Amino acid sequence: MVTVSIKVNGENRSASVPPETTLLKLLRESFGLTGAKLGCDVGDCGACTVIVDGRLVNSCLMLAGQVDGRDVLTIEGLATMDRLDPIQKAFEDKGSLQCGFCGPGVIMSTKALLDQNPNPTLQEIRDGLAGNLCRCTGYSKMIEAVQTIVRESGRQETAKSA
């Protein structure tokens with residue numbers, strides 16, 4: 001067993017897990033944070049996307065032991081019971097998600113994109129969301145939601161320039 005101590009969504013947490021445990025399994029099974037989903041289990045779909053020390057990662061590919069002492073942000077850390085994060089609100093307002101399976105990963109990818117580049121072009125938005133697969137939508141409403149966030153935050157005149 002390996003003891004892993006991390007800060008998850010601002011809260012210090014620890015668990016003893018087998019060394020082969022992934023970050024995704026640690027989050028879901030040890031900490032009850034089920035927002036990140038197990039999709040492909042090979043890092044292709046983005047359903048398990050979280051942010052570790054400010055960097056986007058596929059939690060299905062990272063071992064729990066690799067995050068010992070690090071800071072992890074999951075979809076559960078974005079909102080409170082009283083208030084959605086502006087990214088979540090924009091996705092809701094635009095009807096950008098249908099079944100919701102890919103939603104947490106797409107929203108976390110959007111957060112990482114806007115944290116690193118608050119003024120993305122259309123192509124940069126597409127590139128930022130490229131690691132997320134969705135079977136329900138055509139992605140256009142997701143892109144529209146990100147463009148709305150950029151416009152409403154005053155980050156740029158239009159998020160449609162490429």
# chains A, B, ... in the order shown; residues from 1 in each chain; ligands from 1
call {"tool": "residues_around", "arguments": {"residues": "stretch 54-68 of chain A", "least_positions_apart": "4", "cutoff": "9 Å", "atoms": "only C-alpha atoms", "output": "VMD selection string"}}
result
chain A and resid 2 to 7 14 17 19 to 27 36 to 50 72 to 73 105 108 to 109 112 to 113 115 to 116
call {"tool": "residues_around", "arguments": {"residues": "A:Leu114", "least_positions_apart": "3", "cutoff": "10 Å", "atoms": "only C-alpha atoms", "output": "VMD selection string"}}
result
chain A and resid 87 108 to 111 117 to 120 125 128 146 149 to 150 155
call {"tool": "write_last_selection", "arguments": {"atoms": "C-alpha atoms", "output": "short mmCIF file (atom, residue, chain, number, x, y, z; two decimals), in the first residue's frame"}}
result
data_model
loop_
_atom_site.label_atom_id
_atom_site.label_comp_id
_atom_site.auth_asym_id
_atom_site.auth_seq_id
_atom_site.Cartn_x
_atom_site.Cartn_y
_atom_site.Cartn_z
CA ILE A 87 -17.84 28.17 -17.24
CA MET A 108 -12.02 21.32 -16.92
CA SER A 109 -10.33 21.62 -20.32
CA THR A 110 -12.06 24.96 -20.80
CA LYS A 111 -10.88 26.14 -17.38
CA ASN A 117 -4.96 31.92 -22.39
CA PRO A 118 -7.77 34.27 -21.38
CA ASN A 119 -8.04 35.56 -24.95
CA PRO A 120 -8.19 32.47 -27.19
CA ILE A 125 -10.58 27.05 -28.43
CA GLY A 128 -8.07 23.40 -26.21
CA VAL A 146 -16.35 29.29 -24.49
CA ILE A 149 -17.27 33.38 -21.57
CA VAL A 150 -14.48 35.22 -23.35
CA ARG A 155 -11.25 39.42 -22.57
#
call {"tool": "atom_distance", "arguments": {"atom1": "atom CA of A:Lys94", "atom2": "atom CA of A:Ala130"}}
result
19.1 Å
call {"tool": "residues_around", "arguments": {"residues": "A:Lys141", "least_positions_apart": "4", "cutoff": "9 Å", "atoms": "only C-alpha atoms", "output": "VMD selection string"}}
result
chain A and resid 91 94 to 97 137 145 to 146
call {"tool": "write_last_selection", "arguments": {"atoms": "C-alpha atoms", "output": "short mmCIF file (atom, residue, chain, number, x, y, z; two decimals), in the first residue's frame"}}
result
data_model
loop_
_atom_site.label_atom_id
_atom_site.label_comp_id
_atom_site.auth_asym_id
_atom_site.auth_seq_id
_atom_site.Cartn_x
_atom_site.Cartn_y
_atom_site.Cartn_z
CA PHE A 91 -22.30 25.65 -20.84
CA LYS A 94 -25.89 27.45 -24.31
CA GLY A 95 -27.21 23.90 -23.91
CA SER A 96 -23.71 22.69 -24.69
CA LEU A 97 -23.98 19.29 -23.01
CA THR A 137 -23.12 16.98 -29.65
CA ALA A 145 -20.10 28.63 -24.67
CA VAL A 146 -16.35 29.29 -24.49
#
call {"tool": "closest_residue", "arguments": {"among": "A:Met142, A:Cys134, A:Met1, A:Ile107", "to": "A:Gly77", "atoms": "only C-alpha atoms"}}
result
A:Ile107
call {"tool": "residues_around", "arguments": {"residues": "A:Glu76", "least_positions_apart": "3", "cutoff": "10 Å", "atoms": "only C-alpha atoms", "output": "ChimeraX atom specification"}}
result
/A:8-9,33-36,73,79-80,104
call {"tool": "select_by_dssp", "arguments": {"residues": "stretch 4-127 of chain A", "states": "alpha helix (DSSP H)", "output": "ChimeraX atom specification"}}
result
/A:23-25,86-93,103-116,122-127
call {"tool": "select_by_dssp", "arguments": {"residues": "stretch 4-134 of chain A", "states": "strand (DSSP E or B)", "output": "list of chain:residue names"}}
result
A:Val4, A:Ser5, A:Ile6, A:Lys7, A:Val8, A:Glu11, A:Asn12, A:Arg13, A:Ser14, A:Ala15, A:Ser16, A:Val17, A:Thr22, A:Thr49, A:Val50, A:Ile51, A:Val52, A:Arg55, A:Leu56, A:Val57, A:Asn58, A:Leu63, A:Asp71, A:Val72, A:Leu73
call {"tool": "closest_residue", "arguments": {"among": "A:Cys99, A:Val106, A:Ile143, A:Ile51", "to": "A:Asp71", "atoms": "only C-alpha atoms"}}
result
A:Ile51
call {"tool": "atom_distance", "arguments": {"atom1": "atom CA of A:Ser140", "atom2": "atom CA of A:Leu78"}}
result
23.0 Å
call {"tool": "decode", "arguments": {"residues": "stretch 61-74 of chain A", "atoms": "all heavy atoms", "output": "PDB file, in the first residue's frame"}}
result
ATOM      1  N   LEU A  61      -4.489   8.055 -16.612  1.00  0.00           N
ATOM      2  CA  LEU A  61      -3.113   7.728 -16.993  1.00  0.00           C
ATOM      3  C   LEU A  61      -2.094   8.053 -15.915  1.00  0.00           C
ATOM      4  O   LEU A  61      -0.926   7.698 -16.054  1.00  0.00           O
ATOM      5  CB  LEU A  61      -2.722   8.480 -18.273  1.00  0.00           C
ATOM      6  CG  LEU A  61      -3.505   8.142 -19.527  1.00  0.00           C
ATOM      7  CD1 LEU A  61      -2.993   8.969 -20.701  1.00  0.00           C
ATOM      8  CD2 LEU A  61      -3.435   6.657 -19.838  1.00  0.00           C
ATOM      9  N   MET A  62      -2.520   8.735 -14.870  1.00  0.00           N
ATOM     10  CA  MET A  62      -1.596   9.148 -13.813  1.00  0.00           C
ATOM     11  C   MET A  62      -1.800   8.279 -12.586  1.00  0.00           C
ATOM     12  O   MET A  62      -2.929   8.063 -12.156  1.00  0.00           O
ATOM     13  CB  MET A  62      -1.838  10.620 -13.474  1.00  0.00           C
ATOM     14  CG  MET A  62      -0.911  11.179 -12.427  1.00  0.00           C
ATOM     15  SD  MET A  62      -1.151  12.962 -12.243  1.00  0.00           S
ATOM     16  CE  MET A  62       0.229  13.537 -13.185  1.00  0.00           C
ATOM     17  N   LEU A  63      -0.700   7.777 -12.053  1.00  0.00           N
ATOM     18  CA  LEU A  63      -0.804   6.977 -10.835  1.00  0.00           C
ATOM     19  C   LEU A  63      -1.057   7.884  -9.638  1.00  0.00           C
ATOM     20  O   LEU A  63      -0.552   9.016  -9.583  1.00  0.00           O
ATOM     21  CB  LEU A  63       0.467   6.163 -10.621  1.00  0.00           C
ATOM     22  CG  LEU A  63       0.717   5.061 -11.641  1.00  0.00           C
ATOM     23  CD1 LEU A  63       2.073   4.414 -11.393  1.00  0.00           C
ATOM     24  CD2 LEU A  63      -0.395   4.028 -11.608  1.00  0.00           C
ATOM     25  N   ALA A  64      -1.800   7.388  -8.686  1.00  0.00           N
ATOM     26  CA  ALA A  64      -2.109   8.160  -7.488  1.00  0.00           C
ATOM     27  C   ALA A  64      -0.834   8.602  -6.786  1.00  0.00           C
ATOM     28  O   ALA A  64      -0.743   9.734  -6.303  1.00  0.00           O
ATOM     29  CB  ALA A  64      -2.987   7.338  -6.544  1.00  0.00           C
ATOM     30  N   GLY A  65       0.165   7.742  -6.742  1.00  0.00           N
ATOM     31  CA  GLY A  65       1.425   8.083  -6.092  1.00  0.00           C
ATOM     32  C   GLY A  65       2.134   9.257  -6.728  1.00  0.00           C
ATOM     33  O   GLY A  65       2.908   9.955  -6.069  1.00  0.00           O
ATOM     34  N   GLN A  66       1.862   9.519  -8.003  1.00  0.00           N
ATOM     35  CA  GLN A  66       2.488  10.646  -8.702  1.00  0.00           C
ATOM     36  C   GLN A  66       1.941  11.996  -8.246  1.00  0.00           C
ATOM     37  O   GLN A  66       2.552  13.020  -8.524  1.00  0.00           O
ATOM     38  CB  GLN A  66       2.293  10.512 -10.213  1.00  0.00           C
ATOM     39  CG  GLN A  66       3.054   9.372 -10.836  1.00  0.00           C
ATOM     40  CD  GLN A  66       2.750   9.249 -12.317  1.00  0.00           C
ATOM     41  OE1 GLN A  66       1.695   8.781 -12.708  1.00  0.00           O
ATOM     42  NE2 GLN A  66       3.697   9.690 -13.127  1.00  0.00           N
ATOM     43  N   VAL A  67       0.796  11.999  -7.600  1.00  0.00           N
ATOM     44  CA  VAL A  67       0.214  13.268  -7.162  1.00  0.00           C
ATOM     45  C   VAL A  67       0.441  13.540  -5.681  1.00  0.00           C
ATOM     46  O   VAL A  67      -0.050  14.534  -5.156  1.00  0.00           O
ATOM     47  CB  VAL A  67      -1.291  13.375  -7.498  1.00  0.00           C
ATOM     48  CG1 VAL A  67      -1.516  13.397  -8.986  1.00  0.00           C
ATOM     49  CG2 VAL A  67      -2.096  12.291  -6.835  1.00  0.00           C
ATOM     50  N   ASP A  68       1.177  12.677  -5.020  1.00  0.00           N
ATOM     51  CA  ASP A  68       1.453  12.882  -3.595  1.00  0.00           C
ATOM     52  C   ASP A  68       2.064  14.271  -3.384  1.00  0.00           C
ATOM     53  O   ASP A  68       3.018  14.651  -4.054  1.00  0.00           O
ATOM     54  CB  ASP A  68       2.410  11.803  -3.077  1.00  0.00           C
ATOM     55  CG  ASP A  68       2.552  11.849  -1.569  1.00  0.00           C
ATOM     56  OD1 ASP A  68       1.522  11.927  -0.884  1.00  0.00           O
ATOM     57  OD2 ASP A  68       3.702  11.816  -1.083  1.00  0.00           O
ATOM     58  N   GLY A  69       1.452  15.044  -2.490  1.00  0.00           N
ATOM     59  CA  GLY A  69       1.938  16.385  -2.182  1.00  0.00           C
ATOM     60  C   GLY A  69       1.540  17.452  -3.183  1.00  0.00           C
ATOM     61  O   GLY A  69       1.971  18.594  -3.072  1.00  0.00           O
ATOM     62  N   ARG A  70       0.702  17.120  -4.139  1.00  0.00           N
ATOM     63  CA  ARG A  70       0.329  18.072  -5.183  1.00  0.00           C
ATOM     64  C   ARG A  70      -1.099  18.577  -4.990  1.00  0.00           C
ATOM     65  O   ARG A  70      -1.833  18.135  -4.130  1.00  0.00           O
ATOM     66  CB  ARG A  70       0.509  17.409  -6.549  1.00  0.00           C
ATOM     67  CG  ARG A  70       2.001  17.047  -6.758  1.00  0.00           C
ATOM     68  CD  ARG A  70       2.263  16.248  -7.981  1.00  0.00           C
ATOM     69  NE  ARG A  70       2.259  17.108  -9.163  1.00  0.00           N
ATOM     70  CZ  ARG A  70       2.437  16.645 -10.392  1.00  0.00           C
ATOM     71  NH1 ARG A  70       2.615  15.353 -10.605  1.00  0.00           N
ATOM     72  NH2 ARG A  70       2.428  17.459 -11.415  1.00  0.00           N
ATOM     73  N   ASP A  71      -1.474  19.533  -5.834  1.00  0.00           N
ATOM     74  CA  ASP A  71      -2.777  20.184  -5.780  1.00  0.00           C
ATOM     75  C   ASP A  71      -3.620  19.707  -6.957  1.00  0.00           C
ATOM     76  O   ASP A  71      -3.202  19.848  -8.110  1.00  0.00           O
ATOM     77  CB  ASP A  71      -2.573  21.698  -5.833  1.00  0.00           C
ATOM     78  CG  ASP A  71      -3.828  22.485  -5.549  1.00  0.00           C
ATOM     79  OD1 ASP A  71      -4.803  21.915  -5.040  1.00  0.00           O
ATOM     80  OD2 ASP A  71      -3.822  23.696  -5.841  1.00  0.00           O
ATOM     81  N   VAL A  72      -4.790  19.155  -6.670  1.00  0.00           N
ATOM     82  CA  VAL A  72      -5.679  18.617  -7.699  1.00  0.00           C
ATOM     83  C   VAL A  72      -6.997  19.385  -7.675  1.00  0.00           C
ATOM     84  O   VAL A  72      -7.586  19.593  -6.613  1.00  0.00           O
ATOM     85  CB  VAL A  72      -5.938  17.113  -7.473  1.00  0.00           C
ATOM     86  CG1 VAL A  72      -6.899  16.565  -8.522  1.00  0.00           C
ATOM     87  CG2 VAL A  72      -4.632  16.324  -7.464  1.00  0.00           C
ATOM     88  N   LEU A  73      -7.453  19.784  -8.851  1.00  0.00           N
ATOM     89  CA  LEU A  73      -8.754  20.433  -8.994  1.00  0.00           C
ATOM     90  C   LEU A  73      -9.629  19.562  -9.872  1.00  0.00           C
ATOM     91  O   LEU A  73      -9.235  19.191 -10.979  1.00  0.00           O
ATOM     92  CB  LEU A  73      -8.605  21.825  -9.619  1.00  0.00           C
ATOM     93  CG  LEU A  73      -9.900  22.617  -9.821  1.00  0.00           C
ATOM     94  CD1 LEU A  73     -10.563  22.950  -8.493  1.00  0.00           C
ATOM     95  CD2 LEU A  73      -9.625  23.885 -10.619  1.00  0.00           C
ATOM     96  N   THR A  74     -10.808  19.223  -9.352  1.00  0.00           N
ATOM     97  CA  THR A  74     -11.789  18.448 -10.107  1.00  0.00           C
ATOM     98  C   THR A  74     -13.004  19.316 -10.381  1.00  0.00           C
ATOM     99  O   THR A  74     -13.132  20.423  -9.840  1.00  0.00           O
ATOM    100  CB  THR A  74     -12.227  17.193  -9.325  1.00  0.00           C
ATOM    101  OG1 THR A  74     -13.036  17.605  -8.211  1.00  0.00           O
ATOM    102  CG2 THR A  74     -11.031  16.378  -8.844  1.00  0.00           C
TER     103      THR A  74
END
